[in-house]
file input-v8.csv (CSV, C-alpha atoms and all ligand atoms)
chain,number,residue,atom,x,y,z
A,5,MET,CA,-28.1,31.1,-13.4
A,6,GLN,CA,-28.6,27.4,-12.5
A,7,PHE,CA,-26.8,24.4,-13.8
A,8,SER,CA,-30.2,22.9,-14.7
A,9,GLU,CA,-30.8,25.8,-17.2
A,10,ILE,CA,-27.9,24.7,-19.4
A,11,LYS,CA,-28.7,22.3,-22.1
A,12,GLY,CA,-26.5,19.9,-24.1
A,13,GLN,CA,-23.4,20.2,-21.9
A,14,GLU,CA,-23.8,17.2,-19.6
A,15,GLN,CA,-20.2,16.2,-19.8
A,16,ALA,CA,-18.8,19.6,-18.8
A,17,ILE,CA,-21.2,20.0,-16.0
A,18,HIS,CA,-20.5,16.5,-14.8
A,19,ILE,CA,-16.8,17.4,-14.4
A,20,LEU,CA,-17.7,20.5,-12.4
A,21,HIS,CA,-20.1,18.6,-10.2
A,22,ARG,CA,-17.4,16.0,-9.5
A,23,ALA,CA,-15.0,18.8,-8.5
A,24,ILE,CA,-17.7,20.3,-6.2
A,25,GLU,CA,-18.5,16.9,-4.6
A,26,THR,CA,-14.9,16.0,-4.0
A,27,ARG,CA,-14.0,19.6,-2.9
A,28,HIS,CA,-11.3,19.8,-5.6
A,29,ILE,CA,-12.2,23.1,-7.3
A,30,ALA,CA,-9.3,24.1,-9.5
A,31,HIS,CA,-8.1,27.7,-9.1
A,32,ALA,CA,-8.3,28.2,-12.8
A,33,TYR,CA,-10.5,26.7,-15.4
A,34,LEU,CA,-10.5,27.2,-19.2
A,35,PHE,CA,-13.9,26.7,-20.8
A,36,THR,CA,-13.3,26.0,-24.5
A,37,GLY,CA,-15.7,25.2,-27.3
A,38,PRO,CA,-17.7,26.9,-30.0
A,39,GLU,CA,-19.5,30.2,-29.5
A,40,GLY,CA,-23.0,30.2,-28.2
A,41,VAL,CA,-23.1,26.7,-26.6
A,42,GLY,CA,-23.4,27.7,-22.9
A,43,LYS,CA,-19.8,28.3,-21.7
A,44,LYS,CA,-20.6,31.7,-20.0
A,45,LYS,CA,-23.9,30.5,-18.6
A,46,THR,CA,-22.1,27.6,-17.0
A,47,ALA,CA,-19.4,29.9,-15.6
A,48,LEU,CA,-22.1,32.1,-14.1
A,49,ALA,CA,-23.9,29.0,-12.6
A,50,LEU,CA,-20.7,27.8,-11.0
A,51,ALA,CA,-19.9,31.3,-9.6
A,52,GLN,CA,-23.4,31.6,-8.2
A,53,TYR,CA,-23.3,28.1,-6.7
A,54,LEU,CA,-19.9,28.5,-5.1
A,55,ASN,CA,-21.1,31.7,-3.3
A,56,CYS,CA,-24.7,30.5,-2.4
A,57,THR,CA,-25.0,30.6,1.4
A,58,ASN,CA,-28.0,28.3,1.5
A,59,LYS,CA,-26.8,25.1,-0.4
A,60,ALA,CA,-29.1,22.1,-0.2
A,61,ASP,CA,-27.8,18.7,0.8
A,62,GLY,CA,-27.6,16.1,-1.9
A,63,ILE,CA,-28.1,18.2,-5.0
A,64,ILE,CA,-25.8,20.7,-6.6
A,65,GLN,CA,-28.0,23.6,-7.1
A,66,SER,CA,-27.9,27.1,-5.7
A,67,CYS,CA,-30.9,28.2,-3.7
A,68,GLY,CA,-31.7,31.3,-5.9
A,69,VAL,CA,-33.1,33.3,-2.9
A,70,CYS,CA,-30.2,34.0,-0.5
A,71,PRO,CA,-28.7,37.5,-0.7
A,72,SER,CA,-25.7,36.2,-2.6
A,73,CYS,CA,-27.8,34.4,-5.2
A,74,VAL,CA,-30.1,37.4,-5.6
A,75,GLN,CA,-27.1,39.6,-6.3
A,76,ALA,CA,-25.5,37.0,-8.6
A,77,GLN,CA,-28.7,36.8,-10.7
A,78,SER,CA,-28.8,40.6,-11.1
A,79,GLY,CA,-25.0,40.8,-11.9
A,80,SER,CA,-24.2,42.7,-8.7
A,81,GLN,CA,-22.5,40.1,-6.5
A,82,PRO,CA,-19.2,41.9,-5.6
A,83,ASP,CA,-17.3,38.7,-5.4
A,84,ILE,CA,-18.3,37.6,-8.9
A,85,ILE,CA,-16.3,39.7,-11.3
A,86,VAL,CA,-17.0,39.5,-15.0
A,87,LEU,CA,-14.4,40.9,-17.4
A,88,GLU,CA,-15.4,41.5,-21.1
A,89,PRO,CA,-13.1,42.7,-23.9
A,90,ASP,CA,-12.9,46.5,-24.3
A,91,GLY,CA,-13.5,46.8,-28.1
A,92,ASN,CA,-11.4,44.1,-29.8
A,93,SER,CA,-9.1,43.2,-27.0
A,94,ILE,CA,-8.6,42.8,-23.3
A,95,LYS,CA,-6.0,45.3,-22.3
A,96,ILE,CA,-3.4,45.2,-19.5
A,97,GLU,CA,-5.1,48.0,-17.7
A,98,GLN,CA,-8.2,45.9,-17.4
A,99,ILE,CA,-6.3,43.0,-16.0
A,100,ARG,CA,-4.5,45.3,-13.5
A,101,THR,CA,-7.8,46.8,-12.3
A,102,LEU,CA,-9.2,43.2,-12.0
A,103,LEU,CA,-6.2,41.9,-10.0
A,104,ALA,CA,-6.4,44.8,-7.6
A,105,LYS,CA,-10.0,43.7,-6.8
A,106,VAL,CA,-8.8,40.1,-6.4
A,107,THR,CA,-6.4,41.0,-3.6
A,108,LEU,CA,-9.1,42.8,-1.6
A,109,ARG,CA,-10.6,40.7,1.2
A,110,ASN,CA,-13.7,38.8,0.1
A,111,TYR,CA,-17.0,40.4,1.1
A,112,ASP,CA,-19.2,37.9,2.8
A,113,SER,CA,-18.6,35.2,0.3
A,114,THR,CA,-16.8,31.9,0.3
A,115,TYR,CA,-15.3,32.4,-3.1
A,116,LYS,CA,-14.1,35.2,-5.3
A,117,VAL,CA,-14.9,34.1,-8.9
A,118,ILE,CA,-13.3,35.9,-11.8
A,119,LEU,CA,-14.8,35.3,-15.2
A,120,ILE,CA,-12.8,36.4,-18.2
A,121,ASN,CA,-14.9,36.2,-21.4
A,122,ASP,CA,-13.2,35.8,-24.8
A,123,ALA,CA,-9.9,35.3,-23.0
A,124,HIS,CA,-8.1,34.8,-26.3
A,125,LEU,CA,-8.5,38.5,-26.9
A,126,MET,CA,-6.1,39.4,-24.1
A,127,THR,CA,-3.1,41.3,-25.4
A,128,GLU,CA,0.3,39.7,-24.8
A,129,GLN,CA,1.0,42.1,-22.0
A,130,ALA,CA,-2.5,41.4,-20.5
A,131,ALA,CA,-1.9,37.7,-20.6
A,132,ASN,CA,1.6,38.0,-19.0
A,133,CYS,CA,0.1,40.2,-16.3
A,134,LEU,CA,-2.6,37.6,-15.5
A,135,LEU,CA,-0.1,34.7,-15.7
A,136,LYS,CA,1.7,35.9,-12.6
A,137,THR,CA,-1.5,35.6,-10.6
A,138,LEU,CA,-2.3,32.2,-12.1
A,139,GLU,CA,1.1,31.0,-11.1
A,140,GLU,CA,0.6,32.0,-7.4
A,141,PRO,CA,-3.0,31.2,-6.8
A,142,THR,CA,-4.8,32.9,-3.9
A,143,GLU,CA,-6.9,30.7,-1.7
A,144,ASN,CA,-10.7,30.6,-2.5
A,145,THR,CA,-10.2,32.5,-5.7
A,146,VAL,CA,-11.3,30.8,-8.9
A,147,PHE,CA,-10.5,32.1,-12.4
A,148,LEU,CA,-12.9,31.0,-15.2
A,149,LEU,CA,-11.4,31.8,-18.6
A,150,ILE,CA,-13.8,31.4,-21.5
A,151,THR,CA,-12.7,31.0,-25.1
A,152,SER,CA,-13.9,29.8,-28.5
A,153,GLN,CA,-10.3,30.1,-29.9
A,154,MET,CA,-8.1,28.2,-27.5
A,155,GLN,CA,-5.3,28.1,-30.2
A,156,ASN,CA,-4.9,31.9,-29.7
A,157,LEU,CA,-4.1,31.7,-26.0
A,158,PRO,CA,-0.4,31.5,-24.9
A,159,ILE,CA,0.6,28.0,-23.9
A,160,THR,CA,1.8,29.4,-20.5
A,161,ILE,CA,-1.8,30.4,-19.8
A,162,LEU,CA,-3.2,27.1,-21.0
A,163,SER,CA,-0.8,25.1,-18.8
A,164,ARG,CA,-2.1,26.9,-15.7
A,165,CYS,CA,-5.8,26.1,-16.3
A,166,GLN,CA,-7.8,23.0,-16.1
A,167,GLN,CA,-9.5,22.7,-19.5
A,168,ILE,CA,-13.2,21.8,-19.8
A,169,GLN,CA,-14.4,21.2,-23.3
A,170,PHE,CA,-17.9,22.3,-24.3
A,171,GLN,CA,-19.7,20.5,-27.2
A,172,SER,CA,-21.6,21.9,-30.2
A,173,LEU,CA,-25.3,21.7,-29.7
A,174,SER,CA,-27.3,19.2,-31.8
A,175,PRO,CA,-29.6,20.7,-34.5
A,176,ALA,CA,-32.5,19.0,-32.6
A,177,LEU,CA,-31.6,20.8,-29.4
A,178,ILE,CA,-31.2,24.2,-31.1
A,179,GLN,CA,-34.6,23.7,-32.7
A,180,GLU,CA,-36.1,22.9,-29.3
A,181,LEU,CA,-34.5,26.0,-27.7
A,182,LEU,CA,-35.5,28.3,-30.6
A,183,GLN,CA,-39.1,27.1,-30.5
A,184,LYS,CA,-39.3,28.1,-26.9
A,185,LEU,CA,-37.6,31.5,-27.5
A,186,TYR,CA,-39.2,32.5,-30.8
A,187,PRO,CA,-42.5,30.7,-31.3
A,188,ALA,CA,-43.6,33.2,-33.9
A,189,GLN,CA,-40.7,32.2,-36.2
A,190,GLN,CA,-41.8,28.6,-36.4
A,191,SER,CA,-41.6,28.1,-40.2
A,192,ARG,CA,-37.9,29.1,-40.3
A,193,ILE,CA,-36.7,27.4,-37.2
A,194,GLY,CA,-35.9,24.0,-38.7
A,195,LEU,CA,-33.8,25.6,-41.4
A,196,ILE,CA,-31.9,27.9,-39.0
A,197,ALA,CA,-31.2,25.0,-36.6
A,198,ALA,CA,-29.7,23.0,-39.6
A,199,LEU,CA,-27.5,26.0,-40.6
A,200,ALA,CA,-26.4,27.1,-37.2
A,201,GLY,CA,-23.3,24.7,-37.0
A,202,GLY,CA,-24.2,23.7,-33.4
A,203,SER,CA,-24.2,27.3,-32.0
A,204,MET,CA,-27.1,29.1,-30.5
A,205,HIS,CA,-25.2,32.3,-31.1
A,206,THR,CA,-25.1,31.6,-34.8
A,207,ALA,CA,-28.7,30.5,-34.8
A,208,GLU,CA,-29.9,33.7,-33.3
A,209,GLU,CA,-27.8,35.7,-35.7
A,210,LEU,CA,-29.3,33.9,-38.6
A,211,LEU,CA,-32.8,34.3,-37.3
A,212,ALA,CA,-32.3,38.1,-37.2
A,213,ASN,CA,-30.7,38.2,-40.6
A,214,GLU,CA,-33.2,39.7,-43.1
A,215,GLU,CA,-30.6,39.5,-46.0
A,216,LEU,CA,-30.3,35.8,-45.4
A,217,SER,CA,-34.1,35.3,-45.6
A,218,GLN,CA,-34.2,37.1,-48.9
A,219,ALA,CA,-31.2,35.3,-50.4
A,220,ARG,CA,-32.7,32.0,-49.4
A,221,GLN,CA,-36.0,32.8,-51.0
A,222,ASP,CA,-34.2,33.9,-54.3
A,223,PHE,CA,-32.0,30.9,-54.3
A,224,TYR,CA,-34.7,28.4,-53.7
A,225,GLN,CA,-36.8,29.9,-56.4
A,226,LEU,CA,-33.9,29.5,-58.7
A,227,LEU,CA,-33.2,25.9,-57.7
A,228,ALA,CA,-36.9,25.0,-58.1
A,229,LYS,CA,-36.8,25.9,-61.8
A,230,LEU,CA,-33.1,25.3,-62.5
A,231,ASN,CA,-33.8,22.7,-65.2
A,232,THR,CA,-35.7,25.3,-67.3
A,233,MET,CA,-33.0,28.0,-66.9
A,234,ARG,CA,-30.5,29.0,-69.5
A,235,PRO,CA,-26.8,29.0,-68.5
A,236,ALA,CA,-26.6,32.7,-69.1
A,237,GLN,CA,-29.3,33.4,-66.5
A,238,ILE,CA,-27.5,31.3,-64.0
A,239,ILE,CA,-24.2,33.1,-64.6
A,240,ALA,CA,-25.9,36.4,-64.3
A,241,TRP,CA,-27.5,35.4,-60.9
A,242,CYS,CA,-24.1,34.4,-59.5
A,243,GLU,CA,-22.5,37.7,-60.2
A,244,GLN,CA,-23.9,39.3,-57.1
A,245,TRP,CA,-21.9,37.0,-54.8
A,246,GLU,CA,-18.5,37.9,-56.3
A,247,LYS,CA,-17.5,39.8,-53.1
A,248,ASN,CA,-19.6,37.9,-50.6
A,249,LYS,CA,-17.8,34.8,-49.6
A,250,LYS,CA,-19.8,34.4,-46.4
A,251,MET,CA,-23.1,34.4,-48.2
A,252,ALA,CA,-21.7,32.1,-50.9
A,253,ARG,CA,-20.8,29.6,-48.2
A,254,THR,CA,-24.3,29.9,-46.7
A,255,LEU,CA,-25.9,29.5,-50.1
A,256,LEU,CA,-23.9,26.4,-50.8
A,257,GLU,CA,-25.0,25.0,-47.4
A,258,LEU,CA,-28.6,26.0,-48.2
A,259,GLY,CA,-28.2,24.2,-51.6
A,260,GLN,CA,-27.1,21.0,-49.8
A,261,ILE,CA,-30.1,21.3,-47.4
A,262,TRP,CA,-32.4,21.8,-50.4
A,263,TYR,CA,-31.1,18.7,-52.3
A,264,HIS,CA,-31.1,16.6,-49.1
A,265,ASP,CA,-34.8,17.5,-48.8
A,266,VAL,CA,-35.2,16.5,-52.5
A,267,LEU,CA,-33.5,13.2,-51.8
A,268,LEU,CA,-35.9,12.5,-48.9
A,269,THR,CA,-38.8,13.5,-51.2
A,270,VAL,CA,-37.8,11.1,-54.1
A,271,MET,CA,-37.3,8.4,-51.5
A,272,HIS,CA,-40.8,9.0,-50.3
A,273,SER,CA,-39.6,9.7,-46.7
A,274,ASP,CA,-41.9,11.2,-44.1
A,275,SER,CA,-42.3,14.9,-45.2
A,276,ARG,CA,-42.0,15.9,-41.5
A,277,LEU,CA,-38.3,15.1,-41.8
A,278,LEU,CA,-37.8,17.8,-44.4
A,279,VAL,CA,-36.0,20.9,-43.2
A,280,ASN,CA,-37.7,23.3,-45.7
A,281,GLN,CA,-41.2,22.9,-44.5
A,282,ASP,CA,-42.2,26.1,-46.3
A,283,TYR,CA,-41.2,24.7,-49.7
A,284,LEU,CA,-42.9,21.3,-49.7
A,285,ALA,CA,-44.8,22.0,-52.9
A,286,GLU,CA,-41.7,23.0,-54.8
A,287,LEU,CA,-39.7,20.1,-53.5
A,288,ARG,CA,-42.3,17.6,-54.6
A,289,THR,CA,-41.9,18.9,-58.2
A,290,GLN,CA,-38.2,17.9,-58.2
A,291,GLN,CA,-38.4,14.5,-59.8
A,292,LEU,CA,-34.7,13.4,-59.9
A,293,ALA,CA,-33.0,10.1,-59.6
A,294,ALA,CA,-31.5,9.6,-56.2
A,295,GLU,CA,-28.0,9.0,-57.7
A,296,HIS,CA,-28.2,12.3,-59.5
A,297,VAL,CA,-29.1,14.1,-56.2
A,298,LEU,CA,-26.1,12.5,-54.5
A,299,ASN,CA,-23.9,13.8,-57.3
A,300,ILE,CA,-25.3,17.3,-56.9
A,301,LEU,CA,-24.7,17.2,-53.1
A,302,GLN,CA,-21.1,16.5,-54.0
A,303,TYR,CA,-20.9,19.5,-56.3
A,304,PHE,CA,-22.0,21.8,-53.5
A,305,ARG,CA,-19.6,20.2,-51.0
A,306,THR,CA,-16.7,20.6,-53.5
A,307,GLY,CA,-17.7,24.2,-53.9
A,308,MET,CA,-17.4,24.8,-50.2
A,309,GLU,CA,-13.9,23.3,-50.1
A,310,GLN,CA,-12.9,25.5,-53.0
A,311,LEU,CA,-14.1,28.6,-51.1
A,312,GLU,CA,-11.8,27.6,-48.2
A,313,TYR,CA,-9.0,27.7,-50.8
A,314,ASN,CA,-10.0,31.3,-51.7
A,315,ALA,CA,-11.6,30.5,-55.1
A,316,SER,CA,-13.9,33.3,-56.3
A,317,PRO,CA,-17.3,32.9,-54.7
A,318,ARG,CA,-19.0,33.8,-58.0
A,319,LEU,CA,-17.1,31.1,-59.9
A,320,VAL,CA,-17.7,28.5,-57.3
A,321,MET,CA,-21.4,29.2,-57.3
A,322,GLU,CA,-21.4,29.1,-61.1
A,323,VAL,CA,-19.6,25.8,-61.4
A,324,ALA,CA,-21.9,24.1,-58.8
A,325,LEU,CA,-25.1,25.4,-60.3
A,326,LEU,CA,-24.1,24.8,-64.0
A,327,LYS,CA,-23.0,21.2,-63.3
A,328,THR,CA,-26.3,20.7,-61.5
A,329,GLN,CA,-28.2,22.2,-64.3
A,330,ILE,CA,-26.5,20.0,-66.9
A,331,LEU,CA,-27.2,16.9,-64.8
A,332,ILE,CA,-30.9,17.5,-64.2
A,333,SER,CA,-31.6,18.8,-67.8
A,334,LYS,CA,-30.3,15.5,-69.4
A,401,ZN,ZN,-28.2,30.9,-2.6

call {"tool": "encode", "arguments": {"input": "input-v8.csv", "output": "structure tokens", "more": "lines below"}}
Ligand SMILES: [Zn+2]
result
Amino acid sequence: MQFSEIKGQEQAIHILHRAIETRHIAHAYLFTGPEGVGKKKTALALAQYLNCTNKADGIIQSCGVCPSCVQAQSGSQPDIIVLEPDGNSIKIEQIRTLLAKVTLRNYDSTYKVILINDAHLMTEQAANCLLKTLEEPTENTVFLLITSQMQNLPITILSRCQQIQFQSLSPALIQELLQKLYPAQQSRIGLIAALAGGSMHTAEELLANEELSQARQDFYQLLAKLNTMRPAQIIAWCEQWEKNKKMARTLLELGQIWYHDVLLTVMHSDSRLLVNQDYLAELRTQQLAAEHVLNILQYFRTGMEQLEYNASPRLVMEVALLKTQILISK
């Protein structure tokens, strides 16, 4: 893994590059930020770089061909240790085994790099066990703790690590990355990028989610003819989401994306700006006043807030859709 392969994290990588240039590598870093934005890739790139035996002058890039780089790329560099949760937690036995390896002499490498993924899943005992080592750093050993839930790490661990914040990825960048990875899925990529909340992890999950594709299709068919529907039909359709808060939230987001597209359509914007490229014909039939569309967007936003307060998903969907229907049927 090379730093140049990581997209959208210029600030985090800049901090690491400065540390390398000034030879002030901290003995423990905490990479924080949303899931699926490149934290682990960056940790692997740093680990590979630190152990590369053939570093070029002037640029911070590992050579990719020295024995250490080759081993790092295949995940078999003995001085780069990656610890993943065992089931739902990182247990004290795992940390003990890990620390036993840390105290062994380095093989041929300059650095021993220990990467702990989802560090917030350490049990209290595991965290305490690790803490002792963090308090007495060994020379040329670097701990890289990775987490998307920093608030769940003990403050004692946080205070021993230099924090590096990773950003959410922009929808445009997610779209670009998805286009490279999944060219066959072209028609859905714009939508997925808009729904992914800045995370490639979420984007790939959504792309693989057949249930979501079907729900989106049903929902958009309903929205396309909402003005001709009877309230009883809308209420009946909403029943299926009673126990599915996650899908209700996604549908409310999809509703906002739909009406945002409607807004762009009624304002005669460039149709290439629309997210739902596969529904252009249906969107063009939605002849609504812009002020009404803005109200509808607010209904969906309010619905999402109510879900956060544990309102019934069915009821929230009903209210948003019935209010919309009343407004557009006037
Ligand atoms: Zn190398």

call {"tool": "closest_atom_pairs", "arguments": {"input": "input-v8.csv", "of": "chain A", "to": "ligand ZN 401 (chain A)", "cutoff": "7 Å", "atoms": "only C-alpha atoms and all ligand atoms", "output": "CSV"}}
result
residue,atom,partner,partner_atom,distance
A:Tyr53,CA,A:ZN401,ZN,7.0
A:Cys56,CA,A:ZN401,ZN,3.5
A:Thr57,CA,A:ZN401,ZN,5.1
A:Asn58,CA,A:ZN401,ZN,4.9
A:Lys59,CA,A:ZN401,ZN,6.4
A:Ser66,CA,A:ZN401,ZN,4.9
A:Cys67,CA,A:ZN401,ZN,4.0
A:Gly68,CA,A:ZN401,ZN,4.8
A:Val69,CA,A:ZN401,ZN,5.5
A:Cys70,CA,A:ZN401,ZN,4.2
A:Pro71,CA,A:ZN401,ZN,6.9
A:Ser72,CA,A:ZN401,ZN,5.9
A:Cys73,CA,A:ZN401,ZN,4.4

call {"tool": "atom_distance", "arguments": {"input": "input-v8.csv", "atom1": "atom CA of Ile261 of chain A", "atom2": "atom CA of Ala212 of chain A"}}
result
19.8 Å

call {"tool": "closest_atom_pairs", "arguments": {"input": "input-v8.csv", "of": "segment 169-236 of chain A", "to": "segment 283-307 of chain A", "cutoff": "9 Å", "atoms": "all atoms listed in the file", "output": "Markdown table"}}
result
| residue | atom | partner | partner_atom | distance |
| --- | --- | --- | --- | --- |
| A:Tyr224 | CA | A:Tyr283 | CA | 8.5 |
| A:Gln225 | CA | A:Glu286 | CA | 8.6 |
| A:Ala228 | CA | A:Glu286 | CA | 6.2 |
| A:Lys229 | CA | A:Gln290 | CA | 8.9 |

call {"tool": "closest_residue", "arguments": {"input": "input-v8.csv", "among": "A:Glu88, A:Asp222, A:Glu312, A:Asp265", "to": "Ile118 of chain A", "atoms": "all atoms listed in the file"}}
result
A:Glu88

call {"tool": "residues_around", "arguments": {"input": "input-v8.csv", "residues": "Glu208 of chain A", "least_positions_apart": "2", "cutoff": "12 Å", "atoms": "all atoms listed in the file", "output": "PyMOL selection string"}}
result
chain A and resi 39-41+178-179+181-183+185-186+189+192-193+196-197+199-206+210-214

call {"tool": "residues_around", "arguments": {"input": "input-v8.csv", "residues": "Asp90 of chain A", "least_positions_apart": "3", "cutoff": "12 Å", "atoms": "all atoms listed in the file", "output": "ChimeraX atom specification"}}
result
/A:87,93-99,120-123,125-127

call {"tool": "write_last_selection", "arguments": {"input": "input-v8.csv", "atoms": "C-alpha atoms", "output": "PDB file, in the frame of the given file"}}
result
ATOM      1  CA  LEU A  87     -14.400  40.900 -17.400  1.00  0.00           C
ATOM      2  CA  SER A  93      -9.100  43.200 -27.000  1.00  0.00           C
ATOM      3  CA  ILE A  94      -8.600  42.800 -23.300  1.00  0.00           C
ATOM      4  CA  LYS A  95      -6.000  45.300 -22.300  1.00  0.00           C
ATOM      5  CA  ILE A  96      -3.400  45.200 -19.500  1.00  0.00           C
ATOM      6  CA  GLU A  97      -5.100  48.000 -17.700  1.00  0.00           C
ATOM      7  CA  GLN A  98      -8.200  45.900 -17.400  1.00  0.00           C
ATOM      8  CA  ILE A  99      -6.300  43.000 -16.000  1.00  0.00           C
ATOM      9  CA  ILE A 120     -12.800  36.400 -18.200  1.00  0.00           C
ATOM     10  CA  ASN A 121     -14.900  36.200 -21.400  1.00  0.00           C
ATOM     11  CA  ASP A 122     -13.200  35.800 -24.800  1.00  0.00           C
ATOM     12  CA  ALA A 123      -9.900  35.300 -23.000  1.00  0.00           C
ATOM     13  CA  LEU A 125      -8.500  38.500 -26.900  1.00  0.00           C
ATOM     14  CA  MET A 126      -6.100  39.400 -24.100  1.00  0.00           C
ATOM     15  CA  THR A 127      -3.100  41.300 -25.400  1.00  0.00           C
TER      16      THR A 127
END

call {"tool": "atom_distance", "arguments": {"input": "input-v8.csv", "atom1": "atom CA of Glu246 of chain A", "atom2": "atom CA of Pro317 of chain A"}}
result
5.4 Å
